[in-house]
>>> print(open('work-v4.cif').read())   # mmCIF, C-alpha atoms
data_start
loop_
_atom_site.label_atom_id
_atom_site.label_comp_id
_atom_site.auth_asym_id
_atom_site.auth_seq_id
_atom_site.Cartn_x
_atom_site.Cartn_y
_atom_site.Cartn_z
CA MET X 281 47.34 177.23 -101.27
CA GLY X 282 49.06 173.85 -101.49
CA SER X 283 49.13 171.60 -98.48
CA TYR X 284 52.42 170.65 -96.90
CA VAL X 285 52.79 166.91 -96.30
CA PRO X 286 55.25 165.85 -93.56
CA GLY X 287 57.84 163.24 -94.49
CA PRO X 288 57.82 159.65 -93.16
CA LEU X 289 60.39 160.45 -90.47
CA GLN X 290 58.41 163.43 -89.16
CA ILE X 291 55.22 161.38 -89.07
CA PHE X 292 57.03 158.55 -87.26
CA VAL X 293 58.50 160.89 -84.64
CA SER X 294 55.10 162.53 -84.09
CA CYS X 295 53.47 159.13 -83.64
CA VAL X 296 56.15 158.02 -81.18
CA CYS X 297 55.70 161.23 -79.20
CA PHE X 298 51.92 160.84 -79.15
CA VAL X 299 52.14 157.20 -78.05
CA PHE X 300 54.42 158.06 -75.14
CA GLU X 301 52.16 160.94 -74.11
CA VAL X 302 49.36 158.41 -73.81
CA VAL X 303 51.72 156.02 -72.02
CA VAL X 304 52.50 158.71 -69.42
CA VAL X 305 48.82 158.98 -68.51
CA VAL X 306 48.36 155.21 -68.41
CA CYS X 307 51.47 154.67 -66.30
CA ALA X 308 50.51 157.45 -63.89
CA PHE X 309 47.07 155.87 -63.48
CA ARG X 310 48.64 152.44 -63.00
CA ALA X 311 51.08 153.80 -60.40
CA LYS X 312 48.22 155.62 -58.63
CA VAL X 313 49.95 159.01 -58.87
CA LEU X 314 47.44 160.66 -61.19
CA ARG X 315 46.27 163.12 -58.54
CA ARG X 316 49.74 163.62 -57.07
CA TYR X 317 51.19 164.83 -60.37
CA LEU X 318 48.00 166.13 -61.98
CA PRO X 319 49.60 169.28 -63.54
CA LEU X 320 52.16 167.08 -65.32
CA ILE X 321 49.41 164.78 -66.58
CA LEU X 322 47.41 167.79 -67.80
CA TYR X 323 50.47 169.00 -69.72
CA VAL X 324 51.04 165.73 -71.60
CA THR X 325 47.29 165.38 -72.24
CA ALA X 326 47.09 168.91 -73.64
CA SER X 327 50.19 168.21 -75.73
CA ALA X 328 48.63 165.05 -77.19
CA VAL X 329 45.36 166.83 -78.06
CA ILE X 330 47.21 169.77 -79.62
CA ASP X 331 49.38 167.39 -81.68
CA ILE X 332 46.23 165.90 -83.21
CA LEU X 333 44.70 169.33 -83.90
CA ARG X 334 47.92 170.63 -85.44
CA TYR X 335 48.07 167.77 -87.92
CA ARG X 336 44.41 168.17 -88.75
CA ILE X 337 44.89 171.87 -89.53
CA LEU X 338 48.17 171.13 -91.32
CA TYR X 339 46.57 168.68 -93.75
CA SER X 340 43.48 170.84 -94.21
CA CYS X 341 45.05 174.27 -94.66
CA GLY X 342 48.73 173.79 -95.40
CA PHE X 343 51.99 174.51 -93.61
CA THR X 344 52.16 178.20 -94.57
CA SER X 345 48.48 178.98 -94.02
CA GLN X 346 47.50 181.61 -91.48
CA GLU X 347 45.29 179.09 -89.71
CA TYR X 348 48.19 176.73 -89.06
CA ILE X 349 50.68 179.47 -88.15
CA TYR X 350 48.31 181.12 -85.68
CA PHE X 351 47.28 177.81 -84.12
CA TYR X 352 50.90 176.62 -83.85
CA TYR X 353 52.19 179.68 -81.98
CA TYR X 354 49.13 180.15 -79.79
CA SER X 355 49.03 176.47 -78.83
CA ASP X 356 52.78 176.54 -78.17
CA ALA X 357 52.29 179.46 -75.78
CA LEU X 358 49.49 177.59 -74.03
CA LEU X 359 51.64 174.47 -73.62
CA THR X 360 54.53 176.56 -72.31
CA VAL X 361 52.32 178.10 -69.62
CA VAL X 362 50.95 174.67 -68.64
CA LEU X 363 54.50 173.27 -68.46
CA TYR X 364 55.49 176.23 -66.28
CA LEU X 365 52.61 175.41 -63.93
CA ALA X 366 53.68 171.75 -63.91
CA LEU X 367 57.17 172.86 -62.89
CA ILE X 368 55.75 174.99 -60.10
CA SER X 369 53.76 171.99 -58.86
CA LEU X 370 57.07 170.16 -58.41
CA PHE X 371 58.31 173.12 -56.36
CA VAL X 372 55.23 172.69 -54.17
CA HIS X 373 56.06 169.01 -53.66
CA VAL X 374 59.63 169.80 -52.63
CA PHE X 375 58.74 172.65 -50.26
CA LYS X 376 55.56 171.08 -48.87
CA GLU X 377 57.30 169.72 -45.77
CA LEU X 378 58.45 173.25 -44.97
CA ASN X 379 54.85 174.52 -45.20
CA ALA X 380 55.99 176.99 -47.86
CA GLU X 381 53.45 176.10 -50.56
CA LYS X 382 51.66 179.46 -50.35
CA TYR X 383 54.90 181.37 -50.82
CA VAL X 384 55.85 179.18 -53.78
CA ILE X 385 52.48 179.69 -55.49
CA PHE X 386 52.52 183.45 -54.83
CA GLY X 387 56.06 183.76 -56.15
CA ALA X 388 55.18 181.67 -59.22
CA CYS X 389 52.18 183.88 -60.06
CA LEU X 390 54.28 187.00 -59.57
CA LEU X 391 57.05 185.64 -61.79
CA LEU X 392 54.57 184.61 -64.49
CA ALA X 393 52.98 188.08 -64.45
CA GLY X 394 56.42 189.70 -64.56
CA THR X 395 57.49 187.55 -67.50
CA ALA X 396 54.30 188.41 -69.37
CA LEU X 397 54.82 192.14 -68.70
CA PHE X 398 58.46 191.95 -69.81
CA SER X 399 57.43 190.12 -72.99
CA TYR X 400 54.85 192.81 -73.75
CA LEU X 401 57.34 195.63 -73.19
CA VAL X 402 59.80 193.98 -75.56
CA ILE X 403 57.33 193.83 -78.47
CA GLN X 404 55.06 196.82 -77.76
CA GLN X 405 56.64 198.81 -80.61
CA SER X 406 55.39 196.26 -83.14
CA SER X 407 52.73 197.89 -85.24
CA SER X 408 51.37 194.66 -86.71
CA MET X 409 50.54 191.23 -85.28
CA LEU X 410 51.11 192.52 -81.75
CA VAL X 411 49.32 189.62 -80.06
CA THR X 412 51.15 187.00 -82.13
CA HIS X 413 54.52 188.56 -81.37
CA PHE X 414 53.55 188.65 -77.71
CA VAL X 415 52.75 184.93 -77.48
CA VAL X 416 56.00 184.04 -79.29
CA GLU X 417 58.05 186.27 -76.98
CA LEU X 418 56.23 184.93 -73.92
CA SER X 419 56.95 181.33 -74.92
CA GLN X 420 60.66 182.02 -75.40
CA ASN X 421 60.96 183.90 -72.12
CA LEU X 422 59.05 181.25 -70.17
CA TYR X 423 61.37 178.55 -71.51
CA PHE X 424 64.32 180.55 -70.21
CA VAL X 425 62.59 181.11 -66.85
CA GLY X 426 61.78 177.40 -66.71
CA LEU X 427 65.44 176.52 -67.28
CA VAL X 428 66.57 178.76 -64.42
CA LEU X 429 63.82 177.58 -62.08
CA THR X 430 64.58 173.92 -62.77
CA TYR X 431 68.20 174.40 -61.72
CA VAL X 432 67.02 176.32 -58.66
CA LEU X 433 64.71 173.42 -57.83
CA TRP X 434 67.52 170.92 -58.32
CA GLY X 435 69.66 172.94 -55.93
CA ALA X 436 66.81 172.90 -53.40
CA ILE X 437 66.52 169.12 -53.76
CA LEU X 438 70.20 168.71 -52.95
CA LYS X 439 70.06 171.24 -50.10
CA LEU X 440 66.98 169.69 -48.50
CA ARG X 441 68.24 166.15 -49.18
CA GLU X 442 65.08 165.22 -51.02
CA THR X 443 65.18 161.47 -51.66
CA ARG X 444 61.80 160.66 -53.27
CA ALA X 445 63.07 158.83 -56.33
CA GLN X 446 60.11 159.52 -58.60
CA LEU X 447 60.13 163.24 -57.82
CA VAL X 448 63.89 163.45 -58.38
CA GLN X 449 63.50 161.65 -61.72
CA LEU X 450 60.78 164.06 -62.87
CA VAL X 451 62.81 167.15 -61.94
CA LEU X 452 65.96 165.76 -63.52
CA SER X 453 64.04 165.08 -66.75
CA LEU X 454 62.79 168.66 -66.83
CA GLY X 455 66.29 169.98 -66.27
CA ILE X 456 67.66 167.97 -69.19
CA TYR X 457 64.71 168.98 -71.40
CA PHE X 458 65.09 172.71 -70.74
CA SER X 459 68.87 172.44 -71.19
CA LEU X 460 68.43 170.76 -74.58
CA LEU X 461 65.96 173.47 -75.66
CA ALA X 462 68.37 176.20 -74.53
CA ALA X 463 71.24 174.58 -76.44
CA ASN X 464 69.05 174.27 -79.54
CA TYR X 465 68.03 177.93 -79.30
CA ALA X 466 71.67 179.01 -78.84
CA ILE X 467 72.79 177.03 -81.89
CA ARG X 468 70.05 178.59 -84.01
CA ASN X 469 71.17 182.09 -83.04
CA LEU X 470 74.95 181.60 -83.01
CA TYR X 471 75.20 179.43 -86.14
CA PRO X 472 72.49 180.53 -88.62
CA PRO X 473 73.71 178.17 -91.39
CA VAL X 474 72.64 175.15 -89.31
CA SER X 475 69.48 176.72 -87.89
CA SER X 476 67.25 174.65 -90.19
CA ILE X 477 68.76 171.45 -88.78
CA ALA X 478 68.29 172.73 -85.22
CA ILE X 479 64.65 173.53 -85.95
CA ASP X 480 64.12 170.00 -87.28
CA LEU X 481 65.63 168.61 -84.07
CA LEU X 482 62.92 170.34 -82.01
CA GLN X 483 60.47 167.60 -82.95
CA PHE X 484 62.86 164.97 -81.55
CA LEU X 485 63.37 167.00 -78.38
CA GLY X 486 59.60 167.10 -77.90
CA CYS X 487 59.66 163.32 -77.39
CA PHE X 488 62.10 163.49 -74.50
CA LEU X 489 59.72 164.46 -71.69
CA PRO X 490 57.00 161.88 -72.48
CA ILE X 491 59.62 159.12 -72.70
CA ALA X 492 61.39 160.21 -69.49
CA TRP X 493 58.14 160.62 -67.55
CA SER X 494 56.85 157.27 -68.82
CA TYR X 495 59.97 155.67 -67.39
CA ALA X 496 59.56 157.54 -64.09
CA PHE X 497 55.96 156.39 -63.62
CA TYR X 498 56.48 152.85 -64.93
CA ARG X 499 59.84 151.86 -63.46
CA VAL X 500 60.17 154.00 -60.32
CA PRO X 501 57.82 153.06 -57.43
CA LYS X 502 55.94 156.05 -56.05
CA ASP X 503 57.28 155.52 -52.51
CA ALA X 504 60.84 154.61 -53.50
CA ARG X 505 63.65 156.54 -51.83
CA LEU X 506 67.15 157.28 -53.02
CA GLU X 507 70.22 156.75 -50.91
CA PRO X 508 72.10 160.04 -50.28
CA ALA X 509 75.09 158.68 -52.19
CA THR X 510 72.87 157.96 -55.20
CA LEU X 511 71.47 161.49 -55.11
CA ALA X 512 75.03 162.86 -55.13
CA VAL X 513 75.77 160.82 -58.25
CA HIS X 514 72.70 162.33 -59.98
CA ALA X 515 74.02 165.79 -59.14
CA ARG X 516 77.23 165.26 -61.05
#
>>> encode(input="work-v4.cif", output="structure tokens")
Amino acid sequence: MGSYVPGPLQIFVSCVCFVFEVVVVVCAFRAKVLRRYLPLILYVTASAVIDILRYRILYSCGFTSQEYIYFYYYSDALLTVVLYLALISLFVHVFKELNAEKYVIFGACLLLAGTALFSYLVIQQSSSMLVTHFVVELSQNLYFVGLVLTYVLWGAILKLRETRAQLVQLVLSLGIYFSLLAANYAIRNLYPPVSSIAIDLLQFLGCFLPIAWSYAFYRVPKDARLEPATLAVHAR
């Protein structure tokens, strides 16, 4: 089976994404927030490692090989779950002052289990590749759940008048990221003729979070606070 070789642009985008994933970790360490936002750091670290492994399998086995296809979808599901946990950790930060962390964690586990059960029920009639279909369905459903939860979290930030600038920046970045993914998914389903272009754009979208989080950790002091008027501008 012939190997698929990515074009120069794809390689460049992948390298940029990988560099910024490393930058996120370095900037978090420099800002002394590594422990505070550990789930986010674990996500970008896992993403960087998986990027390397994907390219290794891609060059060794080819784009259409079973090894690459299986690894791509299973690793994507793993990253989606880790990103979900990173999002929940931001919920914990927001609701910590209300001593509601236990309720947030319990609700997050319940929602994750419910999403997994729903994903299984959707694909249980599949007679072949049941597990693969499950991880694909789970990834898609968790992205949708993540989108809804991010807007819920943003509403909580406004309601509770959360002013920690770095935290607000991280949540806002997630909201934009999930919104872009949702728009991409909608375009692929509503306009099939341009679905190939939308799929190619996914690689560019993957760079957004590392770049946004690098900025948050590098430019925004960990103890900086937003003025209420500034927070209202972000909400628009």
>>> atom_distance(input="work-v4.cif", atom1="CA of Pro319 in chain X", atom2="CA of Leu418 in chain X")
19.9 Å
>>> atom_distance(input="work-v4.cif", atom1="CA of Tyr423 in chain X", atom2="CA of Val448 in chain X")
20.2 Å
>>> atom_distance(input="work-v4.cif", atom1="CA of Ala388 in chain X", atom2="CA of Ala462 in chain X")
20.9 Å
>>> residues_near_point(input="work-v4.cif", point="(57.6, 158.3, -70.5)", cutoff="10 Å", atoms="all atoms listed in the file", output="MDAnalysis selection string")
chainID X and resid 297 299:308 324 487:499
>>> write_last_selection(input="work-v4.cif", atoms="C-alpha atoms", output="PDB file, keeping the file's coordinate frame")
ATOM      1  CA  CYS X 297      55.700 161.230 -79.200  1.00  0.00           C
ATOM      2  CA  VAL X 299      52.140 157.200 -78.050  1.00  0.00           C
ATOM      3  CA  PHE X 300      54.420 158.060 -75.140  1.00  0.00           C
ATOM      4  CA  GLU X 301      52.160 160.940 -74.110  1.00  0.00           C
ATOM      5  CA  VAL X 302      49.360 158.410 -73.810  1.00  0.00           C
ATOM      6  CA  VAL X 303      51.720 156.020 -72.020  1.00  0.00           C
ATOM      7  CA  VAL X 304      52.500 158.710 -69.420  1.00  0.00           C
ATOM      8  CA  VAL X 305      48.820 158.980 -68.510  1.00  0.00           C
ATOM      9  CA  VAL X 306      48.360 155.210 -68.410  1.00  0.00           C
ATOM     10  CA  CYS X 307      51.470 154.670 -66.300  1.00  0.00           C
ATOM     11  CA  ALA X 308      50.510 157.450 -63.890  1.00  0.00           C
ATOM     12  CA  VAL X 324      51.040 165.730 -71.600  1.00  0.00           C
ATOM     13  CA  CYS X 487      59.660 163.320 -77.390  1.00  0.00           C
ATOM     14  CA  PHE X 488      62.100 163.490 -74.500  1.00  0.00           C
ATOM     15  CA  LEU X 489      59.720 164.460 -71.690  1.00  0.00           C
ATOM     16  CA  PRO X 490      57.000 161.880 -72.480  1.00  0.00           C
ATOM     17  CA  ILE X 491      59.620 159.120 -72.700  1.00  0.00           C
ATOM     18  CA  ALA X 492      61.390 160.210 -69.490  1.00  0.00           C
ATOM     19  CA  TRP X 493      58.140 160.620 -67.550  1.00  0.00           C
ATOM     20  CA  SER X 494      56.850 157.270 -68.820  1.00  0.00           C
ATOM     21  CA  TYR X 495      59.970 155.670 -67.390  1.00  0.00           C
ATOM     22  CA  ALA X 496      59.560 157.540 -64.090  1.00  0.00           C
ATOM     23  CA  PHE X 497      55.960 156.390 -63.620  1.00  0.00           C
ATOM     24  CA  TYR X 498      56.480 152.850 -64.930  1.00  0.00           C
ATOM     25  CA  ARG X 499      59.840 151.860 -63.460  1.00  0.00           C
TER      26      ARG X 499
END
>>> resolve_selection(input="work-v4.cif", expression="the PyMOL selection byres ((chain X and resi 336) around 12)", output="list in words")
Ser283, Tyr284, Val285, Val329, Ile330, Asp331, Ile332, Leu333, Arg334, Tyr335, Ile337, Leu338, Tyr339, Ser340, Cys341, Gly342, Phe343, Glu347, Tyr348, Phe351 and Tyr352 of chain X
>>> closest_residue(input="work-v4.cif", among="X:Val425, X:Val313, X:Ala463, X:Leu318", to="Ala478 in chain X", atoms="only C-alpha atoms")
X:Ala463
>>> residues_around(input="work-v4.cif", residues="Tyr465 in chain X", least_positions_apart="5", cutoff="9 Å", atoms="all atoms listed in the file", output="ChimeraX atom specification")
/X:460,470,475,478-479
>>> closest_residue(input="work-v4.cif", among="X:Asn421, X:Ser355, X:Ser453, X:Ser369", to="Arg315 in chain X", atoms="all atoms listed in the file")
X:Ser369
>>> resolve_selection(input="work-v4.cif", expression="the PyMOL selection byres ((chain X and resi 456) around 12)", output="list in words")
Gly426, Leu427, Val428, Thr430, Tyr431, Trp434, Gln449, Leu450, Val451, Leu452, Ser453, Leu454, Gly455, Tyr457, Phe458, Ser459, Leu460, Leu461, Ala462, Ala463, Leu485, Gly486, Phe488, Leu489, Ala492 and His514 of chain X
>>> closest_residue(input="work-v4.cif", among="X:Ala436, X:Val293, X:Tyr353, X:Leu320", to="Leu482 in chain X", atoms="all atoms listed in the file")
X:Val293
>>> closest_residue(input="work-v4.cif", among="X:Tyr354, X:Phe484, X:Phe371, X:Phe398", to="Val432 in chain X", atoms="all atoms listed in the file")
X:Phe371
>>> resolve_selection(input="work-v4.cif", expression="the PyMOL selection byres ((chain X and resi 416) around 9)", output="list in words")
Tyr353, Tyr354, Asp356, Ala357, Ser399, Val411, Thr412, His413, Phe414, Val415, Glu417, Leu418, Ser419, Gln420 and Asn421 of chain X
